[in-house]
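Worksheet: one structure, shown below.
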Amino acid sequence: MVWDKMRLEQLRAEFADSKGGEIFDEKFRKVAEKIISKSGTRLAPYAGVPTFLSAPYMQVAADEPDFGNLQVAITGIPMDLGVTNRPGSRFGPRALRAIERIGPYNHVLGTAPVFDLRVADIGDVPFQSRYRLELSHEDIEKRIGQIVDAGVVPLSVGGDHSITHPILKAVGRKEPVGLIHIDAHCDTSGAFDQTKFHHGGPFRNAVLDGVLDPTRTIQIGIRGSAEYLWEFSYKSGMTVIHAEDISAMGMEAVIAKAKSIVGDGPTYLSFDIDSLDPSFAPGTGTPEVGGLTTREVLELIRGLKGINLVGGDVVEVAPQYDATTNTAHAGAQVLFEILSLMVFSPSIGNR
């Protein structure tokens with residue numbers, strides 16, 4: 001293409017007086033028509049009451065809830081009674097809601113998920129007590145069970161990683177699900193300090209409860225000094241990919257392995273923010289150096305397009321340890337990527 005005065009005049013004729021919502025490319029025009037009003041504007045990211053990914057807010061009763069015609073319900077789970085180190089992930093849901101500019105268009109997956117799905121922020125899990133861990137887990141299982149029973153897919157924001165055990169009890173109670181688990185830690189250790197309901201053991205608990213299929217489970221990004229705690233992962237048949245192995249394998253191979261492990265069956269995706277290197281996400285309770293980059297995580301999650309997702313979560317964002325808000329920003333972006341995957345999930349697209 002030669003740049004000359006004729007080419008300039010052609011561009012001026014087409015674009016000089018066009019409005020923000022006037023898109024000529026057919027592919028992009030279809031996106032813009034969902035997002036930009038006829039007057040040529042769209043919602044300001046810093047305005048209004050903050051919700052997850054700027055999704056509509058839908059108030060849902062604690063008892064006898066009505067989820068309308070939702071396909072996906074995003075819920076906050078502000079509970080961190082199961083941490084072994086630094087507390088604070090109870091503030092994770094509020095921090096992710098406050099991130100003012102995520103989406104609306106995913107250019108790699110080609111979707112604007114908040115517009116392509118019937119999705120809403122339904123608020124936080126209603127807890128009976130802020131002090132009792134086991135009771136909080138009961139409340140989480142009840143709320144997620146309500147969502148699942150309504151034929152809606154849950155997408156949750158924690159909170160510490162112990163929340164995934166009661167979520168899986170609700171999601172996998174009819175049949176055990178597969179799992180793609182992105183984390184620094186396998187979280188399959190046993191009981192200590194007089195309880196097994198801590199954030200280091202949700203996936204052991206879920207397997208033993210019969211709601212998680214370990215042979216359809218892959219754990220990606222594992223590293224750090226707690227390897228001796230994760231024998232259950234290997235004994236039960238889980239596939240573990242350590243962070244130091246990813247560079248040698250290449251992300252394409254990691255994605256292919258994940259897809260082959262979970263197959264076409266119902267699959268849950270759990271993302272712990274400490275899977276990221278603390279240089280990208282310092283705001284978490286158990287940071288481990290040598291982790292994934294944000295670019296690697298985006299490539300990994302986007303590569304999972306087409307898996308049969310029946311739920312997902314983002315956990316362990318403890319925003320007070322990161323004055324930059326980068327950790328919350330990364331968590332919100334991952335939430336957006338998981339929601340984007342749900343557009344292409346067979347279980348959701350058919351609802």
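Identifiers in this document derive from the order of the structure tokens: chains are assigned A, B, ..., residues are numbered from 1 separately in each chain, and ligands are numbered from 1 in order of occurrence.
All residues in stretch 101-177 of chain A with a DSSP state of alpha helix (DSSP H), computed from the backbone, read Pro113, Val114, Phe115, Asp116, Leu133, Glu134, Leu135, Ser136, His137, Glu138, Asp139, Ile140, Glu141, Lys142, Arg143, Ile144, Gly145, Gln146, Ile147, Val148, Asp149, Thr164, His165, Pro166, Ile167, Leu168, Lys169, Ala170 and Val171 of chain A.
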Inset, instruction - Pick out the residues sitting within 8 Å of stretch 214-222 of chain A, and hand them over as a ChimeraX atom specification; count only C-alpha atoms, and ignore anything fewer than 2 positions along from it in its own chain. - result: /A:177-186,207,212,224,233,236-244,246,258,261-263,275,291-292
Inset, instruction - Name the residues of stretch 127-306 of chain A that come out as strand (DSSP E) in a backbone DSSP run; write them as an MDAnalysis selection string. - result: chainID A and resid 153:158 177:182 212:222 239:242 267:272
Inset, instruction - Tell me, as JSON, numbers by chain, which residues lie within 9 Å of stretch 83-85 of chain A, counting only C-alpha atoms; anything in the same chain fewer than 3 positions away does not count. - result: {"A": [80, 88, 89, 160, 161, 162, 198, 199, 200, 285, 286]}
How would the residues just picked look written out with N, CA and C atoms as a compact mmCIF listing (two decimals), in the first residue's frame?
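Result file again.txt:
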```
# COMPACT_ATOMS: atom_id res chain seq x y z
N ASP A 80 -11.74 -15.28 54.75
CA ASP A 80 -10.35 -15.75 54.75
C ASP A 80 -9.96 -16.39 56.08
N GLY A 88 -6.33 -11.37 54.82
CA GLY A 88 -6.70 -10.19 54.04
C GLY A 88 -7.44 -10.45 52.76
N SER A 89 -7.54 -11.72 52.32
CA SER A 89 -8.24 -11.97 51.06
C SER A 89 -9.74 -11.80 51.20
N ASP A 160 -10.13 -16.83 50.60
CA ASP A 160 -9.01 -17.76 50.52
C ASP A 160 -9.43 -19.03 49.79
N HIS A 161 -8.44 -19.89 49.50
CA HIS A 161 -8.70 -21.02 48.61
C HIS A 161 -9.52 -22.12 49.27
N SER A 162 -9.73 -22.04 50.57
CA SER A 162 -10.59 -23.05 51.20
C SER A 162 -12.02 -22.97 50.66
N HIS A 198 -8.75 -25.85 55.73
CA HIS A 198 -7.89 -24.69 55.54
C HIS A 198 -7.59 -24.53 54.05
N HIS A 199 -6.90 -23.45 53.70
CA HIS A 199 -6.72 -23.20 52.27
C HIS A 199 -5.61 -24.04 51.65
N GLY A 200 -4.97 -24.89 52.44
CA GLY A 200 -3.96 -25.78 51.89
C GLY A 200 -4.47 -27.17 51.56
N GLY A 285 -1.55 -13.90 50.23
CA GLY A 285 -1.15 -14.39 51.54
C GLY A 285 0.09 -15.24 51.55
N THR A 286 0.36 -15.99 50.47
CA THR A 286 1.51 -16.89 50.43
C THR A 286 2.26 -16.73 49.11
```
Legend entry - Which of A:Ser347, A:Ser247, A:Asn106, A:Thr75 sits closest to A:Gly92 [using only C-alpha atoms]: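 Nearest to A:Gly92: A:Thr75.
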Inset, instruction - Determine the nearest neighbour of A:Met342 from the options A:Ile167, A:Val114, A:Ala191, A:Val148, counting only C-alpha atoms. - result: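 Once distances to A:Met342 are computed over only C-alpha atoms, the minimum belongs to A:Val114.
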Report as a tab-separated table the residues of stretch 110-142 of chain A within 10 Å of stretch 24-41 of chain A, each with its shortest atom pair and distance in Å (one decimal), using only C-alpha atoms, ordered by chain and increasing residue number.
```
residue	atom	partner	partner_atom	distance
A:Gly110	CA	A:Val31	CA	8.9
A:Thr111	CA	A:Val31	CA	7.8
A:Ala112	CA	A:Val31	CA	7.1
A:Val114	CA	A:Ile35	CA	9.7
A:Phe115	CA	A:Lys34	CA	6.6
A:Asp116	CA	A:Lys34	CA	8.7
```
Same residues, N, CA, C and O atoms, saved as a compact mmCIF listing (two decimals), in the first residue's frame:
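Okay, out-v8.txt is ready:
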```txt
# COMPACT_ATOMS: atom_id res chain seq x y z
N GLY A 110 -12.44 -13.09 20.88
CA GLY A 110 -13.47 -12.54 20.01
C GLY A 110 -14.84 -12.49 20.66
O GLY A 110 -15.84 -12.85 20.03
N THR A 111 -14.88 -12.03 21.90
CA THR A 111 -16.16 -11.95 22.60
C THR A 111 -16.18 -10.77 23.56
O THR A 111 -15.14 -10.36 24.07
N ALA A 112 -17.37 -10.25 23.78
CA ALA A 112 -17.62 -9.28 24.85
C ALA A 112 -18.51 -10.00 25.84
O ALA A 112 -19.75 -9.92 25.75
N VAL A 114 -19.73 -9.99 28.90
CA VAL A 114 -20.83 -9.43 29.69
C VAL A 114 -22.04 -9.16 28.81
O VAL A 114 -23.18 -9.16 29.28
N PHE A 115 -21.79 -8.97 27.51
CA PHE A 115 -22.88 -8.72 26.56
C PHE A 115 -23.31 -10.00 25.83
O PHE A 115 -24.45 -10.09 25.38
N ASP A 116 -22.40 -10.96 25.75
CA ASP A 116 -22.71 -12.19 25.01
C ASP A 116 -23.34 -13.27 25.89
O ASP A 116 -23.83 -14.28 25.38
```
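Atom CA of A:Pro78 lies 7.2 Å from atom CA of A:Asp124.
Of the residues under consideration (A:Gln194, A:Ala248, A:Leu53, A:Ala226), A:Leu53 shows the shortest atom-to-atom contact distance to A:Tyr105 when counting only C-alpha atoms.
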